[in-house]
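The file coords_30.txt comes next; it holds compact mmCIF, C-alpha atoms (C1' of nucleotides).
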# COMPACT_ATOMS: atom_id res chain seq x y z
CA MET E 1 -104.38 45.38 -210.02
CA ARG E 2 -104.02 42.79 -212.69
CA GLY E 3 -105.79 42.90 -215.99
CA GLN E 4 -105.72 45.95 -218.20
CA ALA E 5 -107.99 48.19 -216.21
CA LEU E 6 -105.45 50.95 -216.67
CA LYS E 7 -105.86 51.20 -220.42
CA GLY E 8 -106.70 54.69 -221.41
CA HIS E 9 -106.21 56.09 -217.92
CA LEU E 10 -102.45 55.98 -217.58
CA ASP E 11 -101.80 59.43 -219.00
CA LEU E 12 -104.24 60.96 -216.56
CA LEU E 13 -102.38 59.42 -213.64
CA LEU E 14 -98.96 60.49 -214.87
CA LEU E 15 -100.08 64.04 -215.60
CA ALA E 16 -101.75 64.26 -212.21
CA VAL E 17 -98.62 63.20 -210.36
CA LEU E 18 -96.49 65.64 -212.33
CA SER E 19 -98.95 68.49 -211.79
CA ASP E 20 -97.79 68.39 -208.19
CA GLY E 21 -94.32 69.36 -209.28
CA ALA E 22 -91.51 68.13 -211.51
CA ARG E 23 -90.22 64.63 -210.87
CA HIS E 24 -88.00 62.03 -212.47
CA GLY E 25 -89.44 58.79 -213.78
CA TYR E 26 -88.53 56.59 -210.88
CA ALA E 27 -90.05 59.07 -208.46
CA VAL E 28 -93.25 59.14 -210.52
CA ILE E 29 -93.53 55.38 -210.07
CA ASP E 30 -92.96 55.63 -206.32
CA ASP E 31 -95.43 58.47 -205.96
CA LEU E 32 -98.07 56.66 -207.89
CA ARG E 33 -97.67 53.59 -205.72
CA GLU E 34 -97.86 55.58 -202.50
CA ARG E 35 -100.71 57.83 -203.48
CA SER E 36 -102.78 54.90 -204.69
CA GLY E 37 -102.19 52.81 -201.60
CA ASP E 38 -100.17 50.22 -203.55
CA THR E 39 -102.89 49.76 -206.13
CA PHE E 40 -100.81 51.23 -208.94
CA ASP E 41 -97.43 49.59 -208.75
CA LEU E 42 -96.48 50.07 -212.36
CA PRO E 43 -93.51 48.43 -214.06
CA GLU E 44 -90.87 50.70 -215.52
CA GLY E 45 -91.61 49.30 -218.95
CA THR E 46 -95.03 50.85 -218.64
CA VAL E 47 -94.09 54.22 -217.25
CA TYR E 48 -90.94 55.18 -219.15
CA PRO E 49 -92.38 54.70 -222.62
CA ALA E 50 -95.50 56.57 -221.53
CA LEU E 51 -93.42 59.52 -220.34
CA HIS E 52 -91.55 59.54 -223.65
CA ARG E 53 -94.83 59.52 -225.51
CA LEU E 54 -96.16 62.40 -223.45
CA GLU E 55 -93.01 64.39 -224.04
CA THR E 56 -93.12 63.72 -227.78
CA GLY E 57 -96.70 64.91 -227.75
CA GLY E 58 -95.66 68.14 -226.07
CA TYR E 59 -97.40 67.45 -222.76
CA LEU E 60 -94.15 67.22 -220.82
CA SER E 61 -90.67 68.66 -221.05
CA SER E 62 -87.63 66.97 -219.58
CA GLU E 63 -84.21 67.86 -218.33
CA TRP E 64 -81.23 65.69 -217.53
CA SER E 65 -79.27 66.00 -214.33
CA VAL E 66 -76.86 63.94 -212.26
CA VAL E 67 -77.53 63.34 -208.59
CA GLN E 68 -74.96 61.37 -206.62
CA GLY E 69 -73.49 59.87 -209.73
CA ARG E 70 -76.84 58.71 -211.07
CA ARG E 71 -78.31 60.39 -214.09
CA ARG E 72 -81.90 61.51 -213.87
CA ARG E 73 -84.41 62.78 -216.33
CA THR E 74 -86.78 65.16 -214.67
CA TYR E 75 -90.16 65.73 -216.26
CA ARG E 76 -92.24 68.85 -215.98
CA LEU E 77 -95.79 69.57 -217.13
CA THR E 78 -96.08 72.00 -220.06
CA ASP E 79 -99.04 74.32 -220.52
CA LYS E 80 -100.41 71.88 -223.03
CA GLY E 81 -99.97 69.12 -220.48
CA ARG E 82 -101.84 71.11 -217.88
CA GLY E 83 -104.68 71.63 -220.31
CA ALA E 84 -104.75 67.95 -221.16
CA LEU E 85 -104.90 67.08 -217.48
CA GLY E 86 -108.03 69.18 -217.12
CA GLU E 87 -109.64 67.47 -220.07
CA GLN E 88 -108.65 64.03 -218.85
CA ARG E 89 -110.03 64.76 -215.42
CA ARG E 90 -113.31 65.71 -217.04
CA ALA E 91 -113.30 62.53 -219.10
CA TRP E 92 -112.51 60.44 -216.04
CA GLY E 93 -115.39 62.01 -214.16
CA GLU E 94 -117.76 61.23 -216.98
CA PHE E 95 -116.50 57.70 -217.29
CA SER E 96 -116.61 56.84 -213.60
CA ASP E 97 -120.03 58.44 -213.17
CA ALA E 98 -121.33 56.39 -216.07
CA VAL E 99 -119.97 53.18 -214.58
CA ALA E 100 -121.47 54.07 -211.22
CA ASN E 101 -124.84 54.63 -212.84
CA VAL E 102 -124.73 51.28 -214.56
CA LEU E 103 -123.69 49.55 -211.36
CA LYS E 104 -126.22 51.13 -209.08
CA GLY E 105 -129.07 49.55 -211.02
CA SER E 106 -128.05 46.04 -210.09
CA PRO E 107 -128.02 44.65 -206.56
CA TRP E 108 -125.01 43.88 -204.46
CA PRO E 109 -124.21 40.31 -203.56
CA SER E 110 -124.53 39.32 -199.90
CA THR E 111 -121.14 40.62 -198.79
CA SER E 112 -118.93 37.90 -200.20
CA MET G 1 -116.24 58.17 -224.97
CA ARG G 2 -113.56 57.62 -227.52
CA GLY G 3 -110.28 55.97 -226.81
CA GLN G 4 -110.05 52.68 -225.03
CA ALA G 5 -111.02 53.75 -221.56
CA LEU G 6 -113.35 50.80 -221.47
CA LYS G 7 -110.61 48.22 -221.61
CA GLY G 8 -110.87 45.84 -218.78
CA HIS G 9 -114.19 47.22 -217.59
CA LEU G 10 -116.49 45.92 -220.28
CA ASP G 11 -117.23 42.61 -218.61
CA LEU G 12 -118.22 44.40 -215.41
CA LEU G 13 -120.74 46.51 -217.29
CA LEU G 14 -122.24 43.59 -219.16
CA LEU G 15 -122.53 41.46 -216.04
CA ALA G 16 -124.09 44.35 -214.15
CA VAL G 17 -126.76 44.92 -216.80
CA LEU G 18 -127.56 41.23 -216.93
CA SER G 19 -127.73 40.94 -213.15
CA ASP G 20 -130.90 42.99 -213.45
CA GLY G 21 -132.51 40.18 -215.40
CA ALA G 22 -132.00 38.19 -218.58
CA ARG G 23 -131.74 40.14 -221.81
CA HIS G 24 -130.78 39.63 -225.41
CA GLY G 25 -127.72 41.31 -226.87
CA TYR G 26 -129.41 44.22 -228.53
CA ALA G 27 -131.29 45.03 -225.34
CA VAL G 28 -128.03 44.96 -223.41
CA ILE G 29 -126.64 47.60 -225.74
CA ASP G 30 -129.74 49.78 -225.34
CA ASP G 31 -129.75 49.40 -221.58
CA LEU G 32 -126.13 50.27 -221.29
CA ARG G 33 -126.62 53.40 -223.34
CA GLU G 34 -129.61 54.52 -221.32
CA ARG G 35 -128.20 53.73 -217.91
CA SER G 36 -124.95 55.49 -218.67
CA GLY G 37 -126.62 58.61 -220.04
CA ASP G 38 -125.32 57.96 -223.57
CA THR G 39 -121.76 57.61 -222.39
CA PHE G 40 -121.56 53.94 -223.30
CA ASP G 41 -122.96 53.62 -226.80
CA LEU G 42 -121.14 50.46 -227.76
CA PRO G 43 -120.96 49.00 -231.24
CA GLU G 44 -122.42 45.55 -231.76
CA GLY G 45 -119.03 44.26 -232.80
CA THR G 46 -117.86 45.03 -229.30
CA VAL G 47 -120.75 43.66 -227.31
CA TYR G 48 -121.65 40.45 -229.11
CA PRO G 49 -118.16 38.96 -229.05
CA ALA G 50 -117.86 39.93 -225.40
CA LEU G 51 -121.10 38.11 -224.61
CA HIS G 52 -119.81 35.04 -226.45
CA ARG G 53 -116.60 35.20 -224.49
CA LEU G 54 -118.50 35.44 -221.21
CA GLU G 55 -120.67 32.51 -222.18
CA THR G 56 -117.68 30.42 -223.18
CA GLY G 57 -116.15 31.25 -219.82
CA GLY G 58 -119.27 30.03 -218.06
CA TYR G 59 -120.35 33.43 -216.75
CA LEU G 60 -123.48 33.50 -218.87
CA SER G 61 -125.90 31.00 -220.33
CA SER G 62 -128.00 31.69 -223.39
CA GLU G 63 -131.21 30.55 -224.93
CA TRP G 64 -132.59 31.07 -228.40
CA SER G 65 -136.09 32.25 -229.06
CA VAL G 66 -138.04 33.83 -231.88
CA VAL G 67 -139.93 37.06 -231.28
CA GLN G 68 -141.93 38.51 -234.16
CA GLY G 69 -140.00 36.56 -236.71
CA ARG G 70 -136.63 37.67 -235.40
CA ARG G 71 -134.44 35.20 -233.63
CA ARG G 72 -133.04 36.27 -230.33
CA ARG G 73 -130.40 34.95 -228.05
CA THR G 74 -131.23 35.74 -224.47
CA TYR G 75 -128.40 35.79 -221.96
CA ARG G 76 -128.69 35.03 -218.30
CA LEU G 77 -126.16 35.31 -215.49
CA THR G 78 -124.91 32.00 -214.10
CA ASP G 79 -123.84 31.55 -210.49
CA LYS G 80 -120.27 31.86 -211.62
CA GLY G 81 -121.22 35.06 -213.41
CA ARG G 82 -122.81 36.44 -210.28
CA GLY G 83 -119.69 35.66 -208.32
CA ALA G 84 -117.54 37.31 -210.96
CA LEU G 85 -119.72 40.40 -210.85
CA GLY G 86 -119.08 40.72 -207.13
CA GLU G 87 -115.37 40.41 -207.64
CA GLN G 88 -115.37 42.88 -210.51
CA ARG G 89 -117.35 45.37 -208.47
CA ARG G 90 -114.74 45.09 -205.75
CA ALA G 91 -111.96 45.59 -208.28
CA TRP G 92 -113.73 48.59 -209.78
CA GLY G 93 -114.12 50.14 -206.35
CA GLU G 94 -110.46 49.67 -205.63
CA PHE G 95 -109.48 51.05 -209.01
CA SER G 96 -111.66 54.12 -208.90
CA ASP G 97 -110.71 54.90 -205.32
CA ALA G 98 -107.07 54.68 -206.25
CA VAL G 99 -107.55 57.04 -209.19
CA ALA G 100 -109.43 59.45 -206.94
CA ASN G 101 -106.60 59.39 -204.44
CA VAL G 102 -104.05 60.15 -207.09
CA LEU G 103 -106.16 62.96 -208.48
CA LYS G 104 -106.99 64.65 -205.24
CA GLY G 105 -103.34 65.45 -204.63
CA SER G 106 -103.12 67.73 -207.62
CA PRO G 107 -105.05 70.95 -208.05
CA TRP G 108 -107.88 71.62 -210.44
CA PRO G 109 -107.39 74.03 -213.32
CA SER G 110 -109.27 77.32 -213.16
CA THR G 111 -112.51 76.10 -214.72
CA SER G 112 -111.49 75.95 -218.38
C1' DC Q 1 -67.34 41.63 -203.99
C1' DT Q 2 -71.91 40.58 -204.08
C1' DT Q 3 -76.48 42.14 -203.29
C1' DG Q 4 -80.10 45.42 -203.46
C1' DA Q 5 -81.94 49.92 -204.16
C1' DC Q 6 -81.68 53.52 -207.44
C1' DA Q 7 -82.31 55.10 -212.30
C1' DC Q 8 -82.72 54.65 -217.01
C1' DC Q 9 -83.86 52.29 -221.71
C1' DT Q 10 -86.24 49.43 -225.75
C1' DA Q 11 -88.12 45.53 -228.69
C1' DG Q 12 -91.55 42.58 -229.08
C1' DC Q 13 -95.63 40.27 -227.14
C1' DT Q 14 -100.32 40.15 -225.87
C1' DA Q 15 -104.85 41.25 -224.74
C1' DT Q 16 -108.92 43.27 -225.90
C1' DT Q 17 -111.74 46.53 -228.14
C1' DC Q 18 -113.09 48.64 -232.48
C1' DT Q 19 -113.80 48.63 -237.48
C1' DT Q 20 -115.86 46.81 -241.18
C1' DA Q 21 -118.67 44.06 -243.52
C1' DG Q 22 -122.08 40.74 -243.95
C1' DT Q 23 -126.81 38.03 -243.10
C1' DA Q 24 -131.76 38.40 -242.20
C1' DT Q 25 -136.79 39.83 -240.79
C1' DA Q 26 -140.46 43.35 -240.10
C1' DG Q 27 -142.69 47.52 -241.00
C1' DG Q 28 -143.27 51.80 -243.02
C1' DT Q 29 -142.71 54.96 -247.10
C1' DT Q 30 -142.66 56.41 -251.89
C1' DA V 1 -142.40 46.90 -256.03
C1' DA V 2 -138.35 49.20 -254.26
C1' DC V 3 -136.36 51.29 -250.52
C1' DC V 4 -135.17 52.53 -245.94
C1' DT V 5 -134.87 52.03 -240.99
C1' DA V 6 -134.84 49.42 -236.79
C1' DT V 7 -134.07 45.09 -234.93
C1' DA V 8 -130.81 41.21 -234.22
C1' DC V 9 -126.84 38.42 -234.84
C1' DT V 10 -122.02 37.13 -236.67
C1' DA V 11 -116.98 36.92 -238.14
C1' DA V 12 -112.43 38.63 -239.47
C1' DG V 13 -108.99 41.99 -239.21
C1' DA V 14 -106.97 46.36 -237.58
C1' DA V 15 -105.40 49.02 -234.01
C1' DT V 16 -104.03 50.56 -229.33
C1' DA V 17 -101.36 50.53 -225.56
C1' DG V 18 -99.80 48.38 -221.54
C1' DC V 19 -96.71 44.49 -220.02
C1' DT V 20 -92.80 41.17 -220.25
C1' DA V 21 -88.28 40.60 -220.39
C1' DG V 22 -84.13 41.96 -221.14
C1' DG V 23 -80.36 45.31 -220.96
C1' DT V 24 -77.05 49.42 -219.05
C1' DG V 25 -74.91 51.66 -215.12
C1' DT V 26 -74.17 53.93 -210.12
C1' DC V 27 -73.92 53.73 -205.17
C1' DA V 28 -74.09 51.93 -200.37
C1' DA V 29 -74.24 48.09 -197.24
C1' DG V 30 -73.01 43.54 -195.78

Represent the structure contained in this file as C-alpha cells.
Amino acid sequence: MRGQALKGHLDLLLLAVLSDGARHGYAVIDDLRERSGDTFDLPEGTVYPALHRLETGGYLSSEWSVVQGRRRRTYRLTDKGRGALGEQRRAWGEFSDAVANVLKGSPWPSTS
Amino acid sequence: MRGQALKGHLDLLLLAVLSDGARHGYAVIDDLRERSGDTFDLPEGTVYPALHRLETGGYLSSEWSVVQGRRRRTYRLTDKGRGALGEQRRAWGEFSDAVANVLKGSPWPSTS
DNA sequence: CTTGACACCTAGCTATTCTTAGTATAGGTT
DNA sequence: AACCTATACTAAGAATAGCTAGGTGTCAAG
C-alpha cells in the first residue's frame, strides 16, 4: 500500500472501525491492520491527526483513561459520526462501482 | 464526486480507458464520464496534465493530427503502460478488497 | 539497564488534484 | 457581423490531506 490511494477514504475507515465500538488510537491502528489483512498499516502520524480532526468536526468524542500506567484516549462515534459513516459508505459504493465500470471495459493482461 | 477520492487512482482510470484503444484527451474525458455513469466528470486541468505526466513517464505515446481544422493529440498505451495497468489493477483490487473487509465488520445504518 | 511493545503528540514536507485562466477553430444563431 | 457553444489543448497556482520524522513517557522482558 504505497502511494496515496488512501486519500479521501481515511475517514471512512476510521469511522467504520469505531462503529464497532469505542477504541483508543493505537487499537484503531491495530484493528485496521488486522481487518484489512495488513493492507492498511497506517503510521501514527496519519491516524492521530485524523482522529483529532474527526473529533473537532464533531464526528467523534474522546475520553482519557489510564490503563496499567499508560494514558489512553478512547474515541467513540457520535450520532453525527454515525450519520457521516452512512454517507461515506454510500460515496465509497458509488466510487468503487464507477471504477469497476471503467475497468471492466478494458481487457485483462495475460495473468502477469 | 467531490473531495479528493480520486487521488492515486487517476492513472489507473486513464490507462484503462486508453487500453481500449488510442484516444485524444477530450475523448478520454468523455469516455470516462460515460463509462462511470457521470461519476467521473473530470476537469481538463486534471486530465491533460495527467496525460502529459504519463507520457513523460513512458506509459503513453502521443501523435498529433488535425481533424476538421482542430489539432488533436492522440494518446496510445505503450508496453510499459500496459504493464503498469496490470499492476495498478492488482493494486486497486487489493485496495478495494481491504476497504470491503474493514467495512463489513461494522453494521449498516437503518436505511437513512 | 537496555530493548521493544505500548501509547500518545505535532510541525513541516510532499504529492497530486483542482482551480482558474488563457489560446484557438468550427458551426450555429441572432 | 457578433455571439455563443462545443471541441481541444495548455500552464500556473491553490488547496488538501496523508506521510515523514521527530519527540514524550510507561511497562515488561532479557

### Task
Find the residues near Trp64 of chain E: any atom within 12 Å, counting all atoms listed in the file, skip ones fewer than 3 places away on the same chain, and give them as a ChimeraX atom specification.
/E:23-25,61,67,70-76 /Q:7-8

### Message
If we count only C-alpha atoms (C1' of nucleotides) and set the cut-off at 12 Å, which residues sit around DA5 of chain Q, ignoring sequence neighbours fewer than 2 positions away in its own chain? Please answer as a list in words.
### Response
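Here the answer would be Tyr26 of chain E; DT3 and DA7 of chain Q; DT26, DC27, DA28 and DA29 of chain V.
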
Neighbours of DC3 of chain V within 12 Å (only C-alpha atoms (C1' of nucleotides); same-chain residues fewer than 3 positions away dropped), as a PDB file with C-alpha atoms (C1' of nucleotides), in the frame of the given file?
ATOM      1  C1'  DG Q  28    -143.270  51.800-243.020  1.00  0.00           C
ATOM      2  C1'  DT Q  29    -142.710  54.960-247.100  1.00  0.00           C
ATOM      3  C1'  DT Q  30    -142.660  56.410-251.890  1.00  0.00           C
TER       4       DT Q  30
END

Which chain G residues are at most 8 Å from chain Q (counting all atoms listed in the file), as a PDB file with C-alpha atoms, in the frame of the given file?
ATOM      1  CA  GLN G   4    -110.050  52.680-225.030  1.00  0.00           C
ATOM      2  CA  LYS G   7    -110.610  48.220-221.610  1.00  0.00           C
ATOM      3  CA  GLY G   8    -110.870  45.840-218.780  1.00  0.00           C
ATOM      4  CA  PRO G  43    -120.960  49.000-231.240  1.00  0.00           C
ATOM      5  CA  GLY G  45    -119.030  44.260-232.800  1.00  0.00           C
ATOM      6  CA  THR G  46    -117.860  45.030-229.300  1.00  0.00           C
ATOM      7  CA  GLN G  68    -141.930  38.510-234.160  1.00  0.00           C
ATOM      8  CA  GLY G  69    -140.000  36.560-236.710  1.00  0.00           C
ATOM      9  CA  ARG G  70    -136.630  37.670-235.400  1.00  0.00           C
TER      10      ARG G  70
END

## Note on the structure
Between atom CA of Leu15 of chain E and atom CA of Leu103 of chain E lies a distance of 28.0 Å

Chain G superposed on chain E over all ordered C-alpha pairs, least squares: can you write that as a PDB file with C-alpha atoms, in the coordinates of the input?
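The result, written out as selection-v4.pdb:
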ATOM      1  CA  MET G   1    -104.413  45.330-210.079  1.00  0.00           C
ATOM      2  CA  ARG G   2    -103.898  42.785-212.770  1.00  0.00           C
ATOM      3  CA  GLY G   3    -105.561  42.890-216.119  1.00  0.00           C
ATOM      4  CA  GLN G   4    -105.555  45.974-218.249  1.00  0.00           C
ATOM      5  CA  ALA G   5    -107.909  48.134-216.270  1.00  0.00           C
ATOM      6  CA  LEU G   6    -105.402  50.915-216.618  1.00  0.00           C
ATOM      7  CA  LYS G   7    -105.764  51.210-220.355  1.00  0.00           C
ATOM      8  CA  GLY G   8    -106.608  54.681-221.345  1.00  0.00           C
ATOM      9  CA  HIS G   9    -106.150  56.063-217.849  1.00  0.00           C
ATOM     10  CA  LEU G  10    -102.395  55.935-217.535  1.00  0.00           C
ATOM     11  CA  ASP G  11    -101.753  59.358-219.006  1.00  0.00           C
ATOM     12  CA  LEU G  12    -104.211  60.914-216.564  1.00  0.00           C
ATOM     13  CA  LEU G  13    -102.347  59.413-213.629  1.00  0.00           C
ATOM     14  CA  LEU G  14     -98.939  60.480-214.861  1.00  0.00           C
ATOM     15  CA  LEU G  15    -100.076  64.015-215.612  1.00  0.00           C
ATOM     16  CA  ALA G  16    -101.751  64.252-212.222  1.00  0.00           C
ATOM     17  CA  VAL G  17     -98.607  63.196-210.357  1.00  0.00           C
ATOM     18  CA  LEU G  18     -96.498  65.628-212.335  1.00  0.00           C
ATOM     19  CA  SER G  19     -98.949  68.477-211.807  1.00  0.00           C
ATOM     20  CA  ASP G  20     -97.808  68.372-208.197  1.00  0.00           C
ATOM     21  CA  GLY G  21     -94.327  69.364-209.288  1.00  0.00           C
ATOM     22  CA  ALA G  22     -91.527  68.140-211.523  1.00  0.00           C
ATOM     23  CA  ARG G  23     -90.219  64.648-210.891  1.00  0.00           C
ATOM     24  CA  HIS G  24     -88.004  62.070-212.500  1.00  0.00           C
ATOM     25  CA  GLY G  25     -89.419  58.795-213.761  1.00  0.00           C
ATOM     26  CA  TYR G  26     -88.521  56.626-210.833  1.00  0.00           C
ATOM     27  CA  ALA G  27     -90.052  59.126-208.430  1.00  0.00           C
ATOM     28  CA  VAL G  28     -93.234  59.144-210.487  1.00  0.00           C
ATOM     29  CA  ILE G  29     -93.494  55.393-210.042  1.00  0.00           C
ATOM     30  CA  ASP G  30     -92.943  55.664-206.281  1.00  0.00           C
ATOM     31  CA  ASP G  31     -95.432  58.486-205.931  1.00  0.00           C
ATOM     32  CA  LEU G  32     -98.058  56.665-207.863  1.00  0.00           C
ATOM     33  CA  ARG G  33     -97.658  53.598-205.701  1.00  0.00           C
ATOM     34  CA  GLU G  34     -97.864  55.569-202.484  1.00  0.00           C
ATOM     35  CA  ARG G  35    -100.738  57.803-203.481  1.00  0.00           C
ATOM     36  CA  SER G  36    -102.789  54.884-204.709  1.00  0.00           C
ATOM     37  CA  GLY G  37    -102.196  52.782-201.606  1.00  0.00           C
ATOM     38  CA  ASP G  38    -100.165  50.194-203.541  1.00  0.00           C
ATOM     39  CA  THR G  39    -102.868  49.736-206.123  1.00  0.00           C
ATOM     40  CA  PHE G  40    -100.784  51.203-208.924  1.00  0.00           C
ATOM     41  CA  ASP G  41     -97.382  49.561-208.708  1.00  0.00           C
ATOM     42  CA  LEU G  42     -96.398  50.018-212.319  1.00  0.00           C
ATOM     43  CA  PRO G  43     -93.423  48.410-214.005  1.00  0.00           C
ATOM     44  CA  GLU G  44     -90.766  50.705-215.412  1.00  0.00           C
ATOM     45  CA  GLY G  45     -91.407  49.345-218.872  1.00  0.00           C
ATOM     46  CA  THR G  46     -94.869  50.815-218.616  1.00  0.00           C
ATOM     47  CA  VAL G  47     -94.056  54.200-217.179  1.00  0.00           C
ATOM     48  CA  TYR G  48     -90.914  55.238-219.025  1.00  0.00           C
ATOM     49  CA  PRO G  49     -92.305  54.713-222.517  1.00  0.00           C
ATOM     50  CA  ALA G  50     -95.464  56.529-221.481  1.00  0.00           C
ATOM     51  CA  LEU G  51     -93.414  59.500-220.296  1.00  0.00           C
ATOM     52  CA  HIS G  52     -91.545  59.517-223.610  1.00  0.00           C
ATOM     53  CA  ARG G  53     -94.818  59.439-225.469  1.00  0.00           C
ATOM     54  CA  LEU G  54     -96.159  62.348-223.428  1.00  0.00           C
ATOM     55  CA  GLU G  55     -93.002  64.319-224.046  1.00  0.00           C
ATOM     56  CA  THR G  56     -93.106  63.627-227.763  1.00  0.00           C
ATOM     57  CA  GLY G  57     -96.698  64.815-227.744  1.00  0.00           C
ATOM     58  CA  GLY G  58     -95.656  68.049-226.078  1.00  0.00           C
ATOM     59  CA  TYR G  59     -97.409  67.384-222.773  1.00  0.00           C
ATOM     60  CA  LEU G  60     -94.166  67.181-220.839  1.00  0.00           C
ATOM     61  CA  SER G  61     -90.704  68.664-221.063  1.00  0.00           C
ATOM     62  CA  SER G  62     -87.644  67.018-219.588  1.00  0.00           C
ATOM     63  CA  GLU G  63     -84.253  67.967-218.333  1.00  0.00           C
ATOM     64  CA  TRP G  64     -81.239  65.840-217.552  1.00  0.00           C
ATOM     65  CA  SER G  65     -79.288  66.139-214.361  1.00  0.00           C
ATOM     66  CA  VAL G  66     -76.860  64.068-212.345  1.00  0.00           C
ATOM     67  CA  VAL G  67     -77.580  63.351-208.694  1.00  0.00           C
ATOM     68  CA  GLN G  68     -75.026  61.337-206.741  1.00  0.00           C
ATOM     69  CA  GLY G  69     -73.493  59.933-209.857  1.00  0.00           C
ATOM     70  CA  ARG G  70     -76.799  58.777-211.284  1.00  0.00           C
ATOM     71  CA  ARG G  71     -78.245  60.553-214.248  1.00  0.00           C
ATOM     72  CA  ARG G  72     -81.823  61.611-213.982  1.00  0.00           C
ATOM     73  CA  ARG G  73     -84.372  62.869-216.397  1.00  0.00           C
ATOM     74  CA  THR G  74     -86.765  65.213-214.692  1.00  0.00           C
ATOM     75  CA  TYR G  75     -90.164  65.737-216.268  1.00  0.00           C
ATOM     76  CA  ARG G  76     -92.263  68.832-215.995  1.00  0.00           C
ATOM     77  CA  LEU G  77     -95.801  69.552-217.152  1.00  0.00           C
ATOM     78  CA  THR G  78     -96.090  71.954-220.084  1.00  0.00           C
ATOM     79  CA  ASP G  79     -99.056  74.265-220.574  1.00  0.00           C
ATOM     80  CA  LYS G  80    -100.413  71.818-223.082  1.00  0.00           C
ATOM     81  CA  GLY G  81     -99.966  69.081-220.503  1.00  0.00           C
ATOM     82  CA  ARG G  82    -101.860  71.081-217.926  1.00  0.00           C
ATOM     83  CA  GLY G  83    -104.683  71.598-220.364  1.00  0.00           C
ATOM     84  CA  ALA G  84    -104.736  67.905-221.187  1.00  0.00           C
ATOM     85  CA  LEU G  85    -104.887  67.054-217.504  1.00  0.00           C
ATOM     86  CA  GLY G  86    -108.013  69.163-217.143  1.00  0.00           C
ATOM     87  CA  GLU G  87    -109.625  67.453-220.076  1.00  0.00           C
ATOM     88  CA  GLN G  88    -108.644  64.009-218.845  1.00  0.00           C
ATOM     89  CA  ARG G  89    -110.017  64.761-215.406  1.00  0.00           C
ATOM     90  CA  ARG G  90    -113.300  65.717-217.017  1.00  0.00           C
ATOM     91  CA  ALA G  91    -113.301  62.521-219.058  1.00  0.00           C
ATOM     92  CA  TRP G  92    -112.509  60.443-215.986  1.00  0.00           C
ATOM     93  CA  GLY G  93    -115.367  62.050-214.098  1.00  0.00           C
ATOM     94  CA  GLU G  94    -117.752  61.304-216.907  1.00  0.00           C
ATOM     95  CA  PHE G  95    -116.505  57.748-217.201  1.00  0.00           C
ATOM     96  CA  SER G  96    -116.647  56.908-213.532  1.00  0.00           C
ATOM     97  CA  ASP G  97    -120.045  58.519-213.099  1.00  0.00           C
ATOM     98  CA  ALA G  98    -121.359  56.495-215.988  1.00  0.00           C
ATOM     99  CA  VAL G  99    -120.009  53.268-214.502  1.00  0.00           C
ATOM    100  CA  ALA G 100    -121.554  54.170-211.155  1.00  0.00           C
ATOM    101  CA  ASN G 101    -124.899  54.753-212.808  1.00  0.00           C
ATOM    102  CA  VAL G 102    -124.795  51.416-214.526  1.00  0.00           C
ATOM    103  CA  LEU G 103    -123.807  49.667-211.325  1.00  0.00           C
ATOM    104  CA  LYS G 104    -126.341  51.243-209.058  1.00  0.00           C
ATOM    105  CA  GLY G 105    -129.180  49.672-211.008  1.00  0.00           C
ATOM    106  CA  SER G 106    -128.159  46.166-210.084  1.00  0.00           C
ATOM    107  CA  PRO G 107    -128.125  44.762-206.576  1.00  0.00           C
ATOM    108  CA  TRP G 108    -125.115  43.893-204.488  1.00  0.00           C
ATOM    109  CA  PRO G 109    -124.380  40.274-203.649  1.00  0.00           C
ATOM    110  CA  SER G 110    -124.820  39.214-200.034  1.00  0.00           C
ATOM    111  CA  THR G 111    -121.364  40.209-198.815  1.00  0.00           C
ATOM    112  CA  SER G 112    -119.294  37.351-200.230  1.00  0.00           C
TER     113      SER G 112
END

### Query
Within 9 Å of chain G, which residues of chain E show up when using only C-alpha atoms, listed as number ranges by chain?
E: 1, 3-9, 12-13, 16-20, 31-32, 34-40, 82-83, 85-87, 89, 91-92, 94-109, 111-112

I'd like a table as a tab-separated table: residues in chain V with an atom no more than 8 Å from chain G, each row giving the shortest atom pair and its distance in Å to one decimal, all atoms listed in the file counted, sorted by chain and rising residue number.
residue	atom	partner	partner_atom	distance
V:DT7	C1'	G:Arg70	CA	7.9
V:DA8	C1'	G:Tyr26	CA	6.6
V:DC9	C1'	G:Arg72	CA	8.0
V:DT16	C1'	G:Gln4	CA	7.7

### Query
Distance atom CA of Asp11 of chain G-atom CA of Leu51 of chain G, one decimal place?
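Going from atom CA of Asp11 of chain G over to atom CA of Leu51 of chain G covers 8.4 Å.
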
### Message
Just to confirm, what's the straight-line distance from atom C1' of DG23 of chain V to atom CA of Gly57 of chain E in Å (one decimal)?
### Response
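Interatomic distance here is 26.4 Å.
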